[in-house]
Amino acid sequence: MKYFHSIKKIVVLFFLFLFFSCASRKDIVYYQNIDSSQNQEKGSSYEIKLQPDDLLMIIVSAEDPEIAAPFNLKTISVVSIDRQDIQGQQSAQLYLVDAMGNIDFPILGKLKVSGMTRTELLGMLHEKISTYIKNPIVNLRVMNFKVSLQGEVNAPGVYPIVSERVTLIEALSMAKDLTIYGKRNNILIIREVDGVKSYNRVDITNTEFINSPFYYLSQNDVVYVEPNKSRVNGAAVGPNTGVIISVSSLLITLITLIITSSK
């Protein structure tokens with residue numbers, strides 16, 4: 001009976017080691033070297049660059065609305081039908097940046113906008129429209145800014161961005177942060193610029209990532225959080241847990257019978 005208890009303890013310890021491997025601080029904690037990092041001096045603010053397939057809402061206004069009207073796309077009537085009613089509403093048309101990076105703008109014609117920031121495009125439009133209108137006001141917004149979060153986050157999905165600037169940390173927060181199984185030092189960011197995809201790794205345990213080109217996300221970025229070894233091993237062991245327990249129980253029983261019969 002003494003031998004049986006010893007074997008049982010060994011088996012229990014084995015399973016505890018198998019399922020509860022310890023994770024170190026360096027695998028979990030964010031911004032680990034922040035105390036030794038110097039404060040970054042204020043520089044130019046980050047702005048996304050416009051890309052093909054972006055949808056832009058551009059509205060030109062002036063003191064006299066009739067003068068500005070030719071520089072705006074006409075609003076269209078959108079009809080929605082539900083089971084009880086037919087509803088109509090006015091919706092502004094959007095400018096689609098084509099595959100060549102151009103938009104067709106009223107009066108001004110075809111404009112190359114791909115690769116420009118919002119500020120740069122506003123400046124160009126203001127300059128061109130000022131030829132026709134005194135002191136025009138130009139408003140511009142990117143309407144399809146979104147990022148996708150996948151892998152070991154608590155709420156994976158596609159998230160629309162209301163503003164035109166979002167950090168990697170803000171995006172992860174929208175997905176309710178990483179799970180305990182996410183690799184914090186090897187987050188993949190897939191980005192497409194001018195039709196060319198790039199694959200980039202970010203370590204959010206190191207404060208230096210704040211100064212990287214991927215601290216701020218661009219429209220349509222994909223963020224993938226890779227599972228750590230515990231998750232991968234758990235996925236392999238999980239489906240076979242019942243078999244392992246059954247085999248272990250059988251071995252314990254056989255060993256117990258052998259020890260008992262040898263007395």
# chains A, B, ... in the order shown; residues from 1 in each chain; ligands from 1
>>> residues_around(residues="Leu172 in chain A", least_positions_apart="6", cutoff="9 Å", atoms="only C-alpha atoms", output="list of chain:residue names")
A:Leu149, A:Val153, A:Leu178, A:Val223
>>> residues_around(residues="Lys134 in chain A", least_positions_apart="5", cutoff="12 Å", atoms="only C-alpha atoms", output="list in words")
Val60, Ser61, Ala62, Glu63, Asp64, Ile67, Ala68, His126, Glu127, Lys128 and Ile129 of chain A
>>> closest_residue(among="A:Ile107, A:Ile190, A:Ile137, A:Ile48", to="Phe71 in chain A", atoms="only C-alpha atoms")
A:Ile107
>>> residues_around(residues="range 173-175 of chain A", least_positions_apart="6", cutoff="9 Å", atoms="only C-alpha atoms", output="list of chain:residue names")
A:Leu149, A:Val153, A:Asn154, A:Ala155, A:Pro156, A:Gly157, A:Tyr159
>>> write_last_selection(atoms="C-alpha atoms", output="mmCIF file, in the first residue's frame")
data_model
loop_
_atom_site.group_PDB
_atom_site.id
_atom_site.type_symbol
_atom_site.label_atom_id
_atom_site.label_comp_id
_atom_site.auth_asym_id
_atom_site.auth_seq_id
_atom_site.Cartn_x
_atom_site.Cartn_y
_atom_site.Cartn_z
ATOM 1 C CA LEU A 149 -7.255 41.383 -34.702
ATOM 2 C CA VAL A 153 -6.935 38.082 -27.990
ATOM 3 C CA ASN A 154 -10.091 37.928 -25.904
ATOM 4 C CA ALA A 155 -12.351 39.411 -28.590
ATOM 5 C CA PRO A 156 -10.963 38.836 -32.096
ATOM 6 C CA GLY A 157 -12.677 40.649 -34.955
ATOM 7 C CA TYR A 159 -12.763 46.944 -35.646
#
>>> residues_around(residues="Lys112 in chain A", least_positions_apart="3", cutoff="12 Å", atoms="only C-alpha atoms", output="list in words")
Leu50, Gln51, Pro52, Leu96, Val97, Asp98, Ala99, Met100, Gly101, Asn102, Ile103, Asp104, Phe105, Leu108, Gly109, Gly115, Met116, Thr117, Glu120, Leu121, Met124 and Leu125 of chain A
>>> atom_distance(atom1="CA of Val138 in chain A", atom2="CA of Asp194 in chain A")
25.9 Å
>>> closest_residue(among="A:Asn211, A:Gln150, A:Gln93, A:Ser163", to="Ile187 in chain A", atoms="only C-alpha atoms")
A:Gln150
>>> select_by_dssp(residues="range 21-232 of chain A", states="strand (DSSP E or B)", output="PyMOL selection string")
chain A and resi 49+55-61+75-81+86-92+95-96+102-105+109-112+117+137-142+146-151+153+157-160+166-167+178+182+187-193+196-202+216-217+222-225+227
>>> residues_around(residues="Val147 in chain A", least_positions_apart="3", cutoff="8 Å", atoms="only C-alpha atoms", output="list in words")
Val158, Tyr159, Pro160, Ile161, Ala171, Leu217, Ser218, Gln219, Asn220, Asp221, Val222 and Val223 of chain A
>>> select_by_dssp(residues="range 34-184 of chain A", states="helix (DSSP H, G or I)", output="NGL selection string")
:A and (34-36 or 65-71 or 118-129 or 168-174)
>>> write_last_selection(atoms="C-alpha atoms", output="mmCIF file, in the first residue's frame")
data_model
loop_
_atom_site.group_PDB
_atom_site.id
_atom_site.type_symbol
_atom_site.label_atom_id
_atom_site.label_comp_id
_atom_site.auth_asym_id
_atom_site.auth_seq_id
_atom_site.Cartn_x
_atom_site.Cartn_y
_atom_site.Cartn_z
ATOM 1 C CA ILE A 34 10.203 51.594 -19.326
ATOM 2 C CA ASP A 35 11.943 52.839 -16.139
ATOM 3 C CA SER A 36 15.287 52.965 -17.954
ATOM 4 C CA PRO A 65 -23.398 77.540 -50.299
ATOM 5 C CA GLU A 66 -24.397 77.856 -53.961
ATOM 6 C CA ILE A 67 -20.829 78.682 -54.967
ATOM 7 C CA ALA A 68 -19.477 75.590 -53.163
ATOM 8 C CA ALA A 69 -22.189 73.229 -54.444
ATOM 9 C CA PRO A 70 -20.437 72.361 -57.781
ATOM 10 C CA PHE A 71 -17.413 71.103 -55.811
ATOM 11 C CA ARG A 118 -4.855 63.792 -44.945
ATOM 12 C CA THR A 119 -3.120 67.121 -44.268
ATOM 13 C CA GLU A 120 -1.347 67.058 -47.625
ATOM 14 C CA LEU A 121 -4.543 66.352 -49.542
ATOM 15 C CA LEU A 122 -6.436 69.061 -47.659
ATOM 16 C CA GLY A 123 -3.710 71.524 -48.541
ATOM 17 C CA MET A 124 -3.786 70.583 -52.218
ATOM 18 C CA LEU A 125 -7.582 70.812 -52.420
ATOM 19 C CA HIS A 126 -7.659 74.142 -50.627
ATOM 20 C CA GLU A 127 -5.074 75.559 -53.014
ATOM 21 C CA LYS A 128 -6.865 74.345 -56.146
ATOM 22 C CA ILE A 129 -10.367 75.321 -55.004
ATOM 23 C CA LEU A 168 -1.329 48.949 -31.530
ATOM 24 C CA ILE A 169 -2.058 49.101 -27.789
ATOM 25 C CA GLU A 170 -5.399 50.818 -28.393
ATOM 26 C CA ALA A 171 -6.354 48.163 -30.943
ATOM 27 C CA LEU A 172 -5.429 45.353 -28.534
ATOM 28 C CA SER A 173 -7.492 47.071 -25.856
ATOM 29 C CA MET A 174 -10.498 47.149 -28.199
#
>>> decode(residues="range 109-164 of chain A", atoms="C-alpha atoms", output="PDB file, in the first residue's frame")
ATOM      1  CA  GLY A 109     -10.948  66.454 -62.528  1.00  0.00           C
ATOM      2  CA  LYS A 110      -8.677  63.462 -61.786  1.00  0.00           C
ATOM      3  CA  LEU A 111      -6.416  63.914 -58.754  1.00  0.00           C
ATOM      4  CA  LYS A 112      -3.588  61.666 -57.603  1.00  0.00           C
ATOM      5  CA  VAL A 113      -4.123  61.136 -53.851  1.00  0.00           C
ATOM      6  CA  SER A 114      -2.536  57.764 -53.037  1.00  0.00           C
ATOM      7  CA  GLY A 115       0.505  58.161 -50.801  1.00  0.00           C
ATOM      8  CA  MET A 116      -0.628  61.530 -49.475  1.00  0.00           C
ATOM      9  CA  THR A 117      -1.546  62.217 -45.871  1.00  0.00           C
ATOM     10  CA  ARG A 118      -4.855  63.792 -44.945  1.00  0.00           C
ATOM     11  CA  THR A 119      -3.120  67.121 -44.268  1.00  0.00           C
ATOM     12  CA  GLU A 120      -1.347  67.058 -47.625  1.00  0.00           C
ATOM     13  CA  LEU A 121      -4.543  66.352 -49.542  1.00  0.00           C
ATOM     14  CA  LEU A 122      -6.436  69.061 -47.659  1.00  0.00           C
ATOM     15  CA  GLY A 123      -3.710  71.524 -48.541  1.00  0.00           C
ATOM     16  CA  MET A 124      -3.786  70.583 -52.218  1.00  0.00           C
ATOM     17  CA  LEU A 125      -7.582  70.812 -52.420  1.00  0.00           C
ATOM     18  CA  HIS A 126      -7.659  74.142 -50.627  1.00  0.00           C
ATOM     19  CA  GLU A 127      -5.074  75.559 -53.014  1.00  0.00           C
ATOM     20  CA  LYS A 128      -6.865  74.345 -56.146  1.00  0.00           C
ATOM     21  CA  ILE A 129     -10.367  75.321 -55.004  1.00  0.00           C
ATOM     22  CA  SER A 130      -9.147  78.778 -53.913  1.00  0.00           C
ATOM     23  CA  THR A 131      -8.795  79.579 -57.616  1.00  0.00           C
ATOM     24  CA  TYR A 132     -12.586  79.458 -57.849  1.00  0.00           C
ATOM     25  CA  ILE A 133     -13.791  80.242 -54.303  1.00  0.00           C
ATOM     26  CA  LYS A 134     -12.553  82.785 -51.789  1.00  0.00           C
ATOM     27  CA  ASN A 135     -11.649  81.221 -48.422  1.00  0.00           C
ATOM     28  CA  PRO A 136     -13.097  77.729 -49.031  1.00  0.00           C
ATOM     29  CA  ILE A 137     -13.473  75.269 -46.149  1.00  0.00           C
ATOM     30  CA  VAL A 138     -12.558  71.660 -46.962  1.00  0.00           C
ATOM     31  CA  ASN A 139     -13.395  68.738 -44.652  1.00  0.00           C
ATOM     32  CA  LEU A 140     -12.036  65.256 -45.311  1.00  0.00           C
ATOM     33  CA  ARG A 141     -12.511  61.938 -43.564  1.00  0.00           C
ATOM     34  CA  VAL A 142     -11.402  58.371 -44.342  1.00  0.00           C
ATOM     35  CA  MET A 143     -14.585  56.302 -44.006  1.00  0.00           C
ATOM     36  CA  ASN A 144     -13.246  52.742 -44.246  1.00  0.00           C
ATOM     37  CA  PHE A 145     -10.465  52.843 -41.643  1.00  0.00           C
ATOM     38  CA  LYS A 146     -10.502  49.463 -39.907  1.00  0.00           C
ATOM     39  CA  VAL A 147      -8.071  46.963 -38.383  1.00  0.00           C
ATOM     40  CA  SER A 148      -8.390  43.207 -37.854  1.00  0.00           C
ATOM     41  CA  LEU A 149      -7.255  41.383 -34.702  1.00  0.00           C
ATOM     42  CA  GLN A 150      -6.777  37.625 -34.682  1.00  0.00           C
ATOM     43  CA  GLY A 151      -5.273  34.885 -32.546  1.00  0.00           C
ATOM     44  CA  GLU A 152      -4.803  35.038 -28.785  1.00  0.00           C
ATOM     45  CA  VAL A 153      -6.935  38.082 -27.990  1.00  0.00           C
ATOM     46  CA  ASN A 154     -10.091  37.928 -25.904  1.00  0.00           C
ATOM     47  CA  ALA A 155     -12.351  39.411 -28.590  1.00  0.00           C
ATOM     48  CA  PRO A 156     -10.963  38.836 -32.096  1.00  0.00           C
ATOM     49  CA  GLY A 157     -12.677  40.649 -34.955  1.00  0.00           C
ATOM     50  CA  VAL A 158     -12.642  43.557 -37.371  1.00  0.00           C
ATOM     51  CA  TYR A 159     -12.763  46.944 -35.646  1.00  0.00           C
ATOM     52  CA  PRO A 160     -13.721  50.188 -37.400  1.00  0.00           C
ATOM     53  CA  ILE A 161     -11.673  53.203 -36.318  1.00  0.00           C
ATOM     54  CA  VAL A 162     -13.669  56.390 -35.787  1.00  0.00           C
ATOM     55  CA  SER A 163     -10.638  58.687 -35.684  1.00  0.00           C
ATOM     56  CA  GLU A 164      -7.801  58.542 -38.191  1.00  0.00           C
TER      57      GLU A 164
END
